[in-house]
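Q: Mind looking over this structure? Questions follow.
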Amino acid sequence: MRDRRSFLIATLAASLTPVLARAQNLTDEERSARKLANADSTLAPDLLLPENQMAWWRDAKFGVFVHWGLYAIPAKGEWHMFNDKVSPEDYAKLAQQFAPRHYDPNAWARLARDAGARYMVMTARHHDGFSLWDSPSSYGHFDSMHSAAGRDLVRPFVEAVRRAGLRVGLYYSPLDWRFPGYFQPKELPENARLLKQQTYGQVEELMRDYGRIDILWWDGGWLAHKGTDADAAWFWEPDKLNRMVRSHQPSIVINPRSGWQGDFDTAEGGGVITGPIRARPWEKTFSLNAAWGYTPEVQVMSWEQVVRLLVDAVVRNGNVLANVGPDKDGVIPPKQAATLRGVGQWLKRYGAAVYGTRAGPYQPADGVYGSTQRADRIFIHVLSWPENELVLPPLGGKIAHVRNLSGDTVRWRTDGNSLNLTVPPSDRGLPVTVIEVTRA
Ligand code: GLC
């Protein structure tokens with residue numbers, strides 16, 4: 001049975017290569033747009049969280065994502081098993097080497113707090129099928145309890161993040177490459193049934209046995225890596241799945257990647273964010289390093305790049321979830337940690353213009369400016385200055401006060417048709433200048 005399985009998986013993987021190559025030629029943005037466009041909004045609309053229960057998530061703005069699992073050992077990214085056609089048997093051997101000596105979720109949570117993050121999301125289980133907790137529903141006991149680690153790694157994470165005062169999120173991939181039935185659900189219904197049973201069982205464990213969980217981050221409600229999450233809804237039944245989730249965690253915030261639209265939209269990849277303010281809550285997610293899972297650090301995003309993305313997200317009603325990939329010992333690599341700390345320094349100074357705000361009143365001008373607002377304050381985030389003044393549409397109503405949060409001086413005038421701002425180059429901020437306008 002096992003041999004047959006690995007043979008099947010290898011044959012199928014080979015036959016799927018062209019499909020995947022095509023899928024992987026898409027940019028990150030295109031891939032996530034495809035997923036987004038295909039999340040099913042007609043499915044279970046009654047499951048959506050009411051606005052007031054989404055408020056904390058919309059206020060939080062910034063989260064840290066952690067991709068961690070057996071794939072940290074070969075250090076080729078979290079798709080290693082699939083991309084390098086490693087058989088489930090060979091891949092399973094990694095579990096016996098998985099003994100993270102320096103796993104310290106308190107240190108992770110401290111780092112996330114220093115980064116100014118308000119939530120943290122960890123991959124409880126990725127597409128390789130290895131679970132980071134003691135999971136009775138795991139097919140073949142493929143979990144951290146039965147690895148060299150010999151313990152549950154999710155519980156201390158949940159507890160540490162909670163203790164640090166952050167909200168807790170878990171990522172879970174319904175798909176599992178170990179099952180040939182994932183690749184051929186119609187031809188191998190019995191095997192596919194086992195996969196589905198594992199998903200329902202494991203998600204129930206996570207939702208029932210770990211106290212309050214604030215975010216469920218689905219990823220990979222596909223079938224055979226084809227089509228979209230919503231195309232696979234006939235199989236996964238995401239309404240049933242998410243109803244079960246809500247029965248244990250009534251106010252958990254759920255993303256759309258189970259095929260159901262979820263409480264917020266996702267946009268994947270580090271590409272520039274453009275366009276108008278988005279109506280639905282959404283989250284931009286990207287990795288600071290090349291892959292999501294651990295690979296040696298070569299080119300890591302700078303804190304300035306992350307801040308630009310954060311600003312471009314919040315002025316469009318979005319959040320940012322920035323990913324790090326800890327190494328096999330559980331250490332978040334130094335450059336990624338430094339980037340996070342840099343974001344934290346920036347947020348310490350500019351947090352008022354970010355946390356708890358909503359986008360507007362101005363529609364963003366791509367690459368130039370955008371705004372956020374809270375009560376009587378409007379924060380104008382300027383990404384690049386025109387040669388002379390920055391000319392904005394009129395605000396309407398009287399202005400009591402204009403303040404440059406990035407330096408000493410800001411000159412402003414308004415004549416009813418526009419609001420004009422001038423800041424001398426020496427008083428501008430990098431990578432953004434933030435101007436606070438208080439309404440009278
Ligand atoms: C993709 C990838 C996955 C990663 C995820 C993060 O869907 O399959 O490896 O975990 O995006 O958003």
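Within each chain, counting starts at residue 1; across the structure tokens, chains are named A, B, ... in the order shown, with ligands numbered 1 upward in that order.
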Give me the chain A side of the contact with ligand 1, cut-off 6 Å, one line per residue showing its nearest atom pair and distance in Å at one decimal, counting only C-alpha atoms and all ligand atoms, sorted by chain and residue number, as a Markdown table.
A:
| residue | atom | partner | partner_atom_place_in_ligand_line | distance |
| --- | --- | --- | --- | --- |
| A:Glu78 | CA | ligand 1 | 9 (O) | 5.8 |
| A:Asp219 | CA | ligand 1 | 7 (O) | 5.8 |
| A:Glu268 | CA | ligand 1 | 12 (O) | 5.7 |
Q: Please dump the current selection as a compact mmCIF listing (two decimals), in the first residue's frame; keep N, CA and C atoms.
A:
# COMPACT_ATOMS: atom_id res chain seq x y z
N GLU A 78 9.19 25.73 1.86
CA GLU A 78 8.13 24.84 2.33
C GLU A 78 7.54 23.95 1.23
N ASP A 219 -5.09 27.71 4.04
CA ASP A 219 -4.32 27.85 2.80
C ASP A 219 -4.28 26.53 2.06
N GLU A 268 -1.47 38.09 -1.82
CA GLU A 268 -0.20 37.43 -1.50
C GLU A 268 0.96 37.97 -2.33
Q: With only C-alpha atoms as the counted atoms, please give the residues lying no more than 12 Å from segment 385-392 of chain A, apart from itself and same-chain residues fewer than 2 positions off, as number ranges by chain.
A: A: 361-365, 367-371, 380-383, 394-396, 410-425, 427-435
Q: Mind listing the alpha helix (DSSP H) residues of segment 217-317 of chain A, per DSSP on the backbone, as a PyMOL selection string?
A: chain A and resi 233-236+238-248+303-314
Q: Could you write out the selected residues, including C-alpha atoms, as a short mmCIF file (atom, residue, chain, number, x, y, z; two decimals), in the first residue's frame?
A:
data_model
loop_
_atom_site.label_atom_id
_atom_site.label_comp_id
_atom_site.auth_asym_id
_atom_site.auth_seq_id
_atom_site.Cartn_x
_atom_site.Cartn_y
_atom_site.Cartn_z
CA ALA A 233 -15.80 23.33 -2.47
CA TRP A 234 -17.76 20.24 -3.60
CA PHE A 235 -15.05 18.20 -1.89
CA TRP A 236 -14.04 20.17 1.20
CA PRO A 238 -16.05 24.78 3.42
CA ASP A 239 -19.41 25.89 4.81
CA LYS A 240 -19.62 22.74 6.91
CA LEU A 241 -15.96 23.02 7.86
CA ASN A 242 -16.20 26.65 8.95
CA ARG A 243 -19.47 26.00 10.79
CA MET A 244 -17.63 23.41 12.84
CA VAL A 245 -14.87 25.96 13.46
CA ARG A 246 -17.38 28.58 14.60
CA SER A 247 -19.09 26.07 16.90
CA HIS A 248 -15.86 26.00 18.93
CA TRP A 303 12.18 47.60 7.16
CA GLU A 304 11.63 50.54 4.80
CA GLN A 305 10.14 48.23 2.18
CA VAL A 306 7.83 46.69 4.77
CA VAL A 307 6.77 50.11 6.05
CA ARG A 308 5.89 51.23 2.51
CA LEU A 309 3.74 48.15 2.05
CA LEU A 310 2.16 48.69 5.44
CA VAL A 311 1.31 52.29 4.59
CA ASP A 312 0.00 51.33 1.15
CA ALA A 313 -2.18 48.68 2.82
CA VAL A 314 -3.61 50.78 5.66
#
Q: I want to know what sits within 12 Å of Gly259 of chain A, based on only C-alpha atoms, with residues of the same chain fewer than 5 positions away left out; could you give that as a PyMOL selection string?
A: chain A and resi 34-44+174+218-223+227-242+254+265
Q: Selected residues, N, CA and C atoms, written as an mmCIF file, in the first residue's frame, please.
A:
data_model
loop_
_atom_site.group_PDB
_atom_site.id
_atom_site.type_symbol
_atom_site.label_atom_id
_atom_site.label_comp_id
_atom_site.auth_asym_id
_atom_site.auth_seq_id
_atom_site.Cartn_x
_atom_site.Cartn_y
_atom_site.Cartn_z
ATOM 1 N N ARG A 34 -6.501 35.437 -8.313
ATOM 2 C CA ARG A 34 -7.291 34.320 -8.810
ATOM 3 C C ARG A 34 -8.019 33.637 -7.648
ATOM 4 N N LYS A 35 -7.291 33.454 -6.566
ATOM 5 C CA LYS A 35 -7.919 32.831 -5.409
ATOM 6 C C LYS A 35 -9.046 33.709 -4.867
ATOM 7 N N LEU A 36 -8.718 35.020 -4.789
ATOM 8 C CA LEU A 36 -9.699 35.945 -4.248
ATOM 9 C C LEU A 36 -10.966 35.964 -5.073
ATOM 10 N N ALA A 37 -10.748 36.086 -6.390
ATOM 11 C CA ALA A 37 -11.888 36.210 -7.274
ATOM 12 C C ALA A 37 -12.770 34.975 -7.187
ATOM 13 N N ASN A 38 -12.182 33.886 -6.738
ATOM 14 C CA ASN A 38 -12.933 32.651 -6.768
ATOM 15 C C ASN A 38 -13.395 32.144 -5.409
ATOM 16 N N ALA A 39 -13.117 32.926 -4.370
ATOM 17 C CA ALA A 39 -13.689 32.571 -3.083
ATOM 18 C C ALA A 39 -15.193 32.749 -3.243
ATOM 19 N N ASP A 40 -15.978 31.855 -2.683
ATOM 20 C CA ASP A 40 -17.402 31.859 -2.978
ATOM 21 C C ASP A 40 -18.183 32.711 -1.986
ATOM 22 N N SER A 41 -18.691 33.847 -2.468
ATOM 23 C CA SER A 41 -19.376 34.773 -1.567
ATOM 24 C C SER A 41 -20.841 34.382 -1.378
ATOM 25 N N THR A 42 -21.325 33.431 -2.183
ATOM 26 C CA THR A 42 -22.725 33.033 -2.007
ATOM 27 C C THR A 42 -22.831 31.918 -0.969
ATOM 28 N N LEU A 43 -21.667 31.347 -0.657
ATOM 29 C CA LEU A 43 -21.634 30.232 0.270
ATOM 30 C C LEU A 43 -21.693 30.765 1.705
ATOM 31 N N ALA A 44 -22.656 30.323 2.454
ATOM 32 C CA ALA A 44 -22.769 30.602 3.881
ATOM 33 C C ALA A 44 -22.525 32.063 4.272
ATOM 34 N N PRO A 174 -5.615 22.389 4.410
ATOM 35 C CA PRO A 174 -6.430 21.172 4.269
ATOM 36 C C PRO A 174 -5.722 20.124 3.410
ATOM 37 N N TRP A 218 -6.602 29.664 6.627
ATOM 38 C CA TRP A 218 -6.613 28.528 5.703
ATOM 39 C C TRP A 218 -5.650 28.786 4.552
ATOM 40 N N ASP A 219 -5.091 27.705 4.037
ATOM 41 C CA ASP A 219 -4.320 27.851 2.800
ATOM 42 C C ASP A 219 -4.275 26.526 2.061
ATOM 43 N N GLY A 220 -4.820 26.532 0.868
ATOM 44 C CA GLY A 220 -4.728 25.332 0.051
ATOM 45 C C GLY A 220 -5.988 24.487 0.094
ATOM 46 N N GLY A 221 -7.149 25.128 -0.038
ATOM 47 C CA GLY A 221 -8.395 24.395 -0.189
ATOM 48 C C GLY A 221 -8.592 23.990 -1.642
ATOM 49 N N TRP A 222 -7.477 23.705 -2.328
ATOM 50 C CA TRP A 222 -7.558 23.264 -3.725
ATOM 51 C C TRP A 222 -7.759 21.761 -3.778
ATOM 52 N N LEU A 223 -7.733 21.280 -5.026
ATOM 53 C CA LEU A 223 -7.600 19.841 -5.292
ATOM 54 C C LEU A 223 -6.593 19.719 -6.411
ATOM 55 N N GLY A 227 -7.230 24.656 -10.563
ATOM 56 C CA GLY A 227 -8.401 25.498 -10.342
ATOM 57 C C GLY A 227 -8.215 26.378 -9.128
ATOM 58 N N THR A 228 -9.313 26.634 -8.480
ATOM 59 C CA THR A 228 -9.290 27.582 -7.364
ATOM 60 C C THR A 228 -9.809 26.891 -6.115
ATOM 61 N N ASP A 229 -9.688 27.603 -5.005
ATOM 62 C CA ASP A 229 -10.228 27.053 -3.762
ATOM 63 C C ASP A 229 -11.731 26.773 -3.908
ATOM 64 N N ALA A 230 -12.433 27.726 -4.511
ATOM 65 C CA ALA A 230 -13.890 27.565 -4.604
ATOM 66 C C ALA A 230 -14.276 26.399 -5.519
ATOM 67 N N ASP A 231 -13.436 26.109 -6.526
ATOM 68 C CA ASP A 231 -13.727 24.970 -7.407
ATOM 69 C C ASP A 231 -13.726 23.658 -6.631
ATOM 70 N N ALA A 232 -13.014 23.649 -5.516
ATOM 71 C CA ALA A 232 -12.894 22.406 -4.753
ATOM 72 C C ALA A 232 -13.904 22.332 -3.608
ATOM 73 N N ALA A 233 -14.832 23.285 -3.587
ATOM 74 C CA ALA A 233 -15.798 23.331 -2.471
ATOM 75 C C ALA A 233 -16.685 22.084 -2.424
ATOM 76 N N TRP A 234 -16.937 21.467 -3.595
ATOM 77 C CA TRP A 234 -17.763 20.244 -3.597
ATOM 78 C C TRP A 234 -17.118 19.176 -2.719
ATOM 79 N N PHE A 235 -15.773 19.218 -2.649
ATOM 80 C CA PHE A 235 -15.053 18.196 -1.892
ATOM 81 C C PHE A 235 -14.897 18.586 -0.425
ATOM 82 N N TRP A 236 -14.360 19.785 -0.187
ATOM 83 C CA TRP A 236 -14.043 20.173 1.195
ATOM 84 C C TRP A 236 -15.263 20.619 1.993
ATOM 85 N N GLU A 237 -16.300 21.057 1.270
ATOM 86 C CA GLU A 237 -17.504 21.597 1.942
ATOM 87 C C GLU A 237 -17.117 22.670 2.970
ATOM 88 N N PRO A 238 -16.552 23.769 2.482
ATOM 89 C CA PRO A 238 -16.052 24.783 3.416
ATOM 90 C C PRO A 238 -17.115 25.386 4.333
ATOM 91 N N ASP A 239 -18.392 25.354 3.897
ATOM 92 C CA ASP A 239 -19.411 25.895 4.814
ATOM 93 C C ASP A 239 -19.530 25.003 6.046
ATOM 94 N N LYS A 240 -19.533 23.693 5.798
ATOM 95 C CA LYS A 240 -19.625 22.735 6.910
ATOM 96 C C LYS A 240 -18.379 22.848 7.808
ATOM 97 N N LEU A 241 -17.240 22.939 7.144
ATOM 98 C CA LEU A 241 -15.964 23.020 7.860
ATOM 99 C C LEU A 241 -15.916 24.268 8.752
ATOM 100 N N ASN A 242 -16.272 25.412 8.183
ATOM 101 C CA ASN A 242 -16.205 26.652 8.948
ATOM 102 C C ASN A 242 -17.308 26.748 10.005
ATOM 103 N N ILE A 254 -11.713 34.440 10.077
ATOM 104 C CA ILE A 254 -11.351 33.358 9.141
ATOM 105 C C ILE A 254 -11.006 33.938 7.770
ATOM 106 N N ASP A 265 -10.298 39.423 2.907
ATOM 107 C CA ASP A 265 -9.663 38.971 1.667
ATOM 108 C C ASP A 265 -8.158 38.883 1.878
#
Q: Near Ala72 of chain A, within 6 Å and counting only C-alpha atoms, which residues show up once chain neighbours fewer than 2 positions away are dropped, as a PyMOL selection string?
A: chain A and resi 69-70+74-75+294+327-328
Q: For the interface of segment 320-428 of chain A with segment 46-63 of chain A (cut-off 6 Å, counting only C-alpha atoms), please tabulate each contacting residue of segment 320-428 of chain A alongside its nearest pair of atoms and their separation in Å to one decimal, rows sorted by chain and increasing number, as a tab-separated table.
A:
residue	atom	partner	partner_atom	distance
A:Val320	CA	A:Phe62	CA	5.0
A:Leu321	CA	A:Gly63	CA	4.6
A:Tyr355	CA	A:Asp59	CA	5.4
A:Gly356	CA	A:Asp59	CA	3.9
Q: Any chance you can output those residues with N, CA, C and O atoms as a JSON list (two decimals), in the first residue's frame?
A:
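To be explicit, this is the file written out as part02.json:
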[["chain", "number", "residue", "atom", "x", "y", "z"],
["A", 320, "VAL", "N", -1.25, 44.12, 7.18],
["A", 320, "VAL", "CA", -0.08, 43.42, 6.64],
["A", 320, "VAL", "C", 0.28, 42.27, 7.56],
["A", 320, "VAL", "O", 0.27, 42.40, 8.78],
["A", 321, "LEU", "N", 0.56, 41.11, 6.94],
["A", 321, "LEU", "CA", 1.05, 39.94, 7.68],
["A", 321, "LEU", "C", 2.41, 39.59, 7.08],
["A", 321, "LEU", "O", 2.48, 39.08, 5.97],
["A", 355, "TYR", "N", -2.46, 52.34, 13.85],
["A", 355, "TYR", "CA", -3.38, 51.50, 14.65],
["A", 355, "TYR", "C", -4.72, 52.19, 14.84],
["A", 355, "TYR", "O", -4.80, 53.40, 15.10],
["A", 356, "GLY", "N", -5.75, 51.38, 14.76],
["A", 356, "GLY", "CA", -7.09, 51.89, 15.09],
["A", 356, "GLY", "C", -7.65, 52.88, 14.09],
["A", 356, "GLY", "O", -8.69, 53.47, 14.33]]
Q: Using DSSP on the backbone coordinates, identify the residues of segment 58-148 of chain A assigned to strand (DSSP E); present them as a count of residues only.
A: 12
Q: Figure out the distance between atom CA of Ser147 of chain A and atom CA of Arg125 of chain A, please, to one decimal in Å.
A: 14.1 Å
Q: Find, counting only C-alpha atoms, the residue in A:Val437, A:Ala290, A:Ala359, A:Met301 that gets nearest to Ile277 of chain A.
A: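 Smallest separation from Ile277 of chain A among the options: A:Ala359.
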Q: Report as a PyMOL selection string all protein, DNA and RNA residues lying within 6 Å of Tyr103 of chain A, evaluated on only C-alpha atoms, omitting residues in the same chain fewer than 2 positions from it.
A: chain A and resi 100-101+330
Q: Please, could you write that set of residues out with C-alpha atoms as a compact mmCIF listing (two decimals), in the first residue's frame?
A:
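What follows is the written file out-v1.txt:
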# COMPACT_ATOMS: atom_id res chain seq x y z
CA PRO A 100 14.50 22.21 17.61
CA ARG A 101 17.03 22.99 20.34
CA GLY A 330 13.56 27.32 15.93
Q: Determine, for each residue of segment 61-81 of chain A having at least one atom at most 8 Å from an atom of segment 86-97 of chain A, the closest pair of atoms and their separation in Å to one decimal, counting only C-alpha atoms; order by chain and ascending number, as JSON lines.
A:
{"residue": "A:Leu70", "atom": "CA", "partner": "A:Leu94", "partner_atom": "CA", "distance": 6.2}
{"residue": "A:Ile73", "atom": "CA", "partner": "A:Leu94", "partner_atom": "CA", "distance": 7.4}
{"residue": "A:His80", "atom": "CA", "partner": "A:Val86", "partner_atom": "CA", "distance": 7.8}
{"residue": "A:Met81", "atom": "CA", "partner": "A:Val86", "partner_atom": "CA", "distance": 4.9}
Q: May I have the selected residues written with C-alpha atoms, as a compact mmCIF listing (two decimals), in the first residue's frame?
A:
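Result went into out_28.txt, see below:
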# COMPACT_ATOMS: atom_id res chain seq x y z
CA LEU A 70 10.23 19.83 8.81
CA ILE A 73 15.84 21.06 7.84
CA HIS A 80 10.54 21.25 -1.07
CA MET A 81 8.74 17.90 -0.77
Q: Residues within 6 Å of segment 127-131 of chain A, please, as a ChimeraX atom specification. Count only C-alpha atoms; anything in the same chain fewer than 4 positions from it doesn't count.
A: /A:142-143,173,175-177
Q: Take the residues just selected and output them with all heavy atoms as a short mmCIF file (atom, residue, chain, number, x, y, z; two decimals), in the first residue's frame.
A:
data_model
loop_
_atom_site.label_atom_id
_atom_site.label_comp_id
_atom_site.auth_asym_id
_atom_site.auth_seq_id
_atom_site.Cartn_x
_atom_site.Cartn_y
_atom_site.Cartn_z
N PHE A 142 1.90 11.60 11.98
CA PHE A 142 2.96 12.44 11.41
C PHE A 142 2.90 13.80 12.12
O PHE A 142 2.45 14.80 11.57
CB PHE A 142 2.72 12.58 9.91
CG PHE A 142 3.90 13.08 9.13
CD1 PHE A 142 5.20 12.70 9.44
CD2 PHE A 142 3.71 13.93 8.05
CE1 PHE A 142 6.28 13.17 8.71
CE2 PHE A 142 4.78 14.39 7.30
CZ PHE A 142 6.07 14.01 7.64
N ASP A 143 3.36 13.80 13.36
CA ASP A 143 3.27 15.04 14.16
C ASP A 143 4.48 15.21 15.06
O ASP A 143 5.30 14.30 15.20
CB ASP A 143 1.95 15.08 14.96
CG ASP A 143 1.85 13.97 15.99
OD1 ASP A 143 2.86 13.31 16.30
OD2 ASP A 143 0.74 13.76 16.52
N SER A 173 -3.35 23.93 6.44
CA SER A 173 -3.55 23.56 5.04
C SER A 173 -4.40 22.30 4.96
O SER A 173 -3.96 21.24 5.39
CB SER A 173 -2.19 23.28 4.38
OG SER A 173 -2.37 22.44 3.26
N LEU A 175 -5.03 20.57 2.38
CA LEU A 175 -4.40 19.58 1.50
C LEU A 175 -3.16 19.00 2.16
O LEU A 175 -2.55 19.62 3.04
CB LEU A 175 -4.05 20.22 0.15
CG LEU A 175 -2.82 21.10 0.04
CD1 LEU A 175 -1.56 20.30 -0.27
CD2 LEU A 175 -3.04 22.11 -1.08
N ASP A 176 -2.82 17.80 1.74
CA ASP A 176 -1.68 17.08 2.30
C ASP A 176 -1.12 16.24 1.16
O ASP A 176 -1.79 15.34 0.65
CB ASP A 176 -2.19 16.22 3.47
CG ASP A 176 -1.10 15.40 4.15
OD1 ASP A 176 -0.06 15.13 3.51
OD2 ASP A 176 -1.31 15.01 5.32
N TRP A 177 0.11 16.55 0.75
CA TRP A 177 0.72 15.87 -0.41
C TRP A 177 0.90 14.37 -0.22
O TRP A 177 1.20 13.66 -1.16
CB TRP A 177 2.11 16.49 -0.68
CG TRP A 177 2.08 17.86 -1.24
CD1 TRP A 177 1.23 18.35 -2.18
CD2 TRP A 177 2.97 18.94 -0.90
NE1 TRP A 177 1.53 19.67 -2.44
CE2 TRP A 177 2.59 20.05 -1.67
CE3 TRP A 177 4.05 19.07 -0.02
CZ2 TRP A 177 3.26 21.28 -1.61
CZ3 TRP A 177 4.71 20.29 0.06
CH2 TRP A 177 4.31 21.37 -0.73
#
